[in-house]
Amino acid sequence: MFNKSCFSYHPLVKYIRNIRLHNNCALLQIQEEEQVVEIVEKQQFSVIGKMGKGLANEGPKWIPPLWQEANNNFVEISNLAKLDTEGNIAGIWGAMSDVDEKFERWKEEGKYLAGCEVLDNAIAPNGWTKWVIPAFKYTVVKCTQDSYKETFHYMITDYLPLNNYTIVGAIQEFYSPKDNNGELSLYFPVEKI
């Protein structure tokens with residue numbers, strides 16, 4: 001009898017529901033965990049935050065200090081934050097761009113802006129940076145910090161190609177101020193609008 005531990009090296013091991021032997025081959029019945037992917041059109045929007053630049057493969061080293069600095073000094077921009085209809089901050093963004101700030105995908109290096117959505121006419125105070133992110137059609141998927149890498153990989157290698165989507169810009173991270181449950185949404189731009 002086979003068991004799941006025989007396949008512990010396989011990335012789909014957590015999806016394996018049944019293993020049986022048939023003609024000397026192990027048959028795996030795989031049931032994919034549901035990844036809910038939404039298609040969203042978002043008009044251009046503005047974010048003010050703390051900006052940094054670094055190597056793409058070293059993001060975990062240089063991005064967290066940007067969030068710490070933005071959080072510690074949020075009072076400096078709190079009056080600029082865009083509010084939703086209920087009076088809550090509209091959105092916290094981990095905005096990304098190429099080093100030339102054309103909002104293209106990261107290559108070897110990239111830029112990251114840890115901040116909040118603001119009104120388009122807001123002016124960034126000294127020490128802060130404002131980006132105006134262009135309008136895109138996005139595929140959007142939720143994840144946690146723990147599932148970030150796996151979800152990102154799934155979208156890039158499976159979902160987008162299988163659904164005939166091509167990434168046409170930098171991926172954005174959205175943190176809902178209302179749903180502070182550790183989830184974030186990844187926005188994959190698939191069409192300029």
# chains A, B, ... in the order shown; residues from 1 in each chain; ligands from 1
$ select_by_dssp --residues "range 2-193 of chain A" --states "helix (DSSP H, G or I)" --output "ChimeraX atom specification"
/A:4-7,13-15,56-62,64-72,74-76,78-80,148-162
$ residues_around --residues "range 118-129 of chain A" --least-positions-apart "6" --cutoff "6 Å" --atoms "only C-alpha atoms" --output "number ranges by chain"
A: 46-50, 80-82
$ residues_around --residues "range 57-71 of chain A" --least-positions-apart "2" --cutoff "9 Å" --atoms "only C-alpha atoms" --output "list in words"
Gly49, Lys50, Met51, Gly52, Lys53, Gly54, Leu55, Asn73, Phe74, Val75, Gly94, Glu108, Glu109, Gly110, Tyr112, Leu113, Ala114, Gly115 and Trp128 of chain A
$ write_last_selection --atoms "C-alpha atoms" --output "PDB file, in the first residue's frame"
ATOM      1  CA  GLY A  49       4.637  55.576   0.838  1.00  0.00           C
ATOM      2  CA  LYS A  50       8.228  54.750   1.648  1.00  0.00           C
ATOM      3  CA  MET A  51      10.156  53.670  -1.427  1.00  0.00           C
ATOM      4  CA  GLY A  52      13.158  51.413  -1.753  1.00  0.00           C
ATOM      5  CA  LYS A  53      15.137  49.738  -4.511  1.00  0.00           C
ATOM      6  CA  GLY A  54      16.914  46.411  -4.392  1.00  0.00           C
ATOM      7  CA  LEU A  55      17.678  43.085  -5.975  1.00  0.00           C
ATOM      8  CA  ASN A  73       5.552  57.516  10.447  1.00  0.00           C
ATOM      9  CA  PHE A  74       2.013  56.982   9.122  1.00  0.00           C
ATOM     10  CA  VAL A  75       0.731  60.001  11.066  1.00  0.00           C
ATOM     11  CA  GLY A  94       2.855  47.202  -1.560  1.00  0.00           C
ATOM     12  CA  GLU A 108      17.254  41.862 -11.667  1.00  0.00           C
ATOM     13  CA  GLU A 109      16.215  44.852  -9.557  1.00  0.00           C
ATOM     14  CA  GLY A 110      12.981  46.512  -8.685  1.00  0.00           C
ATOM     15  CA  TYR A 112       8.811  48.853  -3.950  1.00  0.00           C
ATOM     16  CA  LEU A 113       6.548  51.429  -2.331  1.00  0.00           C
ATOM     17  CA  ALA A 114       5.031  50.569   1.066  1.00  0.00           C
ATOM     18  CA  GLY A 115       2.130  52.956   1.535  1.00  0.00           C
ATOM     19  CA  TRP A 128       7.710  60.185   1.166  1.00  0.00           C
TER      20      TRP A 128
END
$ residues_around --residues "Asp98 in chain A" --least-positions-apart "6" --cutoff "9 Å" --atoms "only C-alpha atoms" --output "PyMOL selection string"
chain A and resi 104-107+109-112+169-170
$ residues_around --residues "Phe188 in chain A" --least-positions-apart "3" --cutoff "7 Å" --atoms "only C-alpha atoms" --output "list in words"
Tyr138, Thr139, Val140, Ile167, Ile171 and Gln172 of chain A
$ write_last_selection --atoms "N, CA and C atoms" --output "PDB file, in the first residue's frame"
ATOM      1  N   TYR A 138      -6.701  43.343 -14.017  1.00  0.00           N
ATOM      2  CA  TYR A 138      -5.884  42.468 -13.182  1.00  0.00           C
ATOM      3  C   TYR A 138      -6.562  41.118 -12.965  1.00  0.00           C
ATOM      4  N   THR A 139      -5.753  40.086 -12.808  1.00  0.00           N
ATOM      5  CA  THR A 139      -6.230  38.861 -12.178  1.00  0.00           C
ATOM      6  C   THR A 139      -5.793  38.987 -10.726  1.00  0.00           C
ATOM      7  N   VAL A 140      -6.724  38.741  -9.814  1.00  0.00           N
ATOM      8  CA  VAL A 140      -6.472  38.978  -8.389  1.00  0.00           C
ATOM      9  C   VAL A 140      -6.697  37.689  -7.618  1.00  0.00           C
ATOM     10  N   ILE A 167       1.415  38.657 -18.381  1.00  0.00           N
ATOM     11  CA  ILE A 167       1.607  39.777 -17.458  1.00  0.00           C
ATOM     12  C   ILE A 167       2.157  40.961 -18.242  1.00  0.00           C
ATOM     13  N   ILE A 171       3.465  43.487 -10.692  1.00  0.00           N
ATOM     14  CA  ILE A 171       2.458  42.900  -9.797  1.00  0.00           C
ATOM     15  C   ILE A 171       2.356  43.790  -8.558  1.00  0.00           C
ATOM     16  N   GLN A 172       1.132  43.950  -8.043  1.00  0.00           N
ATOM     17  CA  GLN A 172       0.898  44.806  -6.877  1.00  0.00           C
ATOM     18  C   GLN A 172       0.328  43.975  -5.734  1.00  0.00           C
TER      19      GLN A 172
END
$ closest_residue --among "A:Phe174, A:Trp93, A:Phe45, A:Phe103" --to "Val141 in chain A" --atoms "only C-alpha atoms"
A:Phe174
$ atom_distance --atom1 "CA of Glu117 in chain A" --atom2 "CA of Leu160 in chain A"
26.6 Å
$ atom_distance --atom1 "CA of Asp158 in chain A" --atom2 "CA of Val37 in chain A"
12.3 Å
$ select_by_dssp --residues "range 5-181 of chain A" --states "strand (DSSP E)" --output "compact mmCIF listing (two decimals) with C-alpha atoms, in the first residue's frame"
# COMPACT_ATOMS: atom_id res chain seq x y z
CA ILE A 16 -3.24 14.06 -3.05
CA ARG A 17 -6.54 12.56 -1.92
CA ASN A 18 -6.15 8.90 -2.89
CA ILE A 19 -3.30 6.66 -3.99
CA ARG A 20 -3.82 3.17 -5.39
CA LEU A 21 -1.86 0.63 -7.38
CA HIS A 22 -2.99 -0.13 -10.94
CA CYS A 25 1.76 2.15 -11.39
CA ALA A 26 0.74 4.38 -8.56
CA LEU A 27 -2.34 6.35 -9.56
CA LEU A 28 -2.77 9.62 -7.78
CA GLN A 29 -6.17 11.18 -7.54
CA ILE A 30 -5.49 14.87 -7.25
CA VAL A 37 -9.12 34.21 -9.00
CA GLU A 38 -11.05 37.37 -9.76
CA ILE A 39 -10.79 39.58 -12.82
CA VAL A 40 -10.81 43.26 -11.83
CA GLU A 41 -10.47 46.48 -13.81
CA LYS A 42 -8.86 49.18 -11.68
CA PHE A 45 -4.72 55.28 -8.57
CA SER A 46 -2.18 57.03 -6.37
CA VAL A 47 -0.12 55.68 -3.50
CA ILE A 48 2.11 57.61 -1.10
CA GLY A 49 4.64 55.58 0.84
CA LYS A 50 8.23 54.75 1.65
CA MET A 51 10.16 53.67 -1.43
CA GLY A 52 13.16 51.41 -1.75
CA LYS A 53 15.14 49.74 -4.51
CA GLY A 54 16.91 46.41 -4.39
CA LEU A 55 17.68 43.09 -5.97
CA ILE A 92 -2.72 49.73 1.90
CA TRP A 93 -0.47 48.87 -1.03
CA GLY A 94 2.85 47.20 -1.56
CA ALA A 95 3.31 48.78 -4.97
CA MET A 96 6.00 47.52 -7.31
CA SER A 97 7.70 48.93 -10.38
CA GLU A 109 16.21 44.85 -9.56
CA GLY A 110 12.98 46.51 -8.69
CA LYS A 111 11.38 49.30 -6.70
CA TYR A 112 8.81 48.85 -3.95
CA LEU A 113 6.55 51.43 -2.33
CA ALA A 114 5.03 50.57 1.07
CA GLY A 115 2.13 52.96 1.54
CA CYS A 116 -1.53 53.80 1.32
CA GLU A 117 -3.89 54.83 -1.43
CA VAL A 118 -4.38 58.61 -1.54
CA THR A 129 7.19 59.16 -2.47
CA LYS A 130 4.04 59.31 -4.58
CA TRP A 131 3.35 56.94 -7.44
CA VAL A 132 0.42 57.12 -9.86
CA ILE A 133 -0.20 53.53 -10.89
CA PHE A 136 -4.98 47.85 -15.72
CA LYS A 137 -7.17 44.82 -15.91
CA TYR A 138 -5.88 42.47 -13.18
CA THR A 139 -6.23 38.86 -12.18
CA VAL A 140 -6.47 38.98 -8.39
CA VAL A 141 -5.85 36.16 -5.93
CA LYS A 142 -5.72 36.15 -2.12
CA CYS A 143 -2.95 34.58 -0.09
CA THR A 144 -1.14 34.88 3.24
CA GLN A 172 0.90 44.81 -6.88
CA GLU A 173 0.09 43.76 -3.31
CA PHE A 174 -3.11 44.97 -1.64
CA TYR A 175 -3.69 44.80 2.11
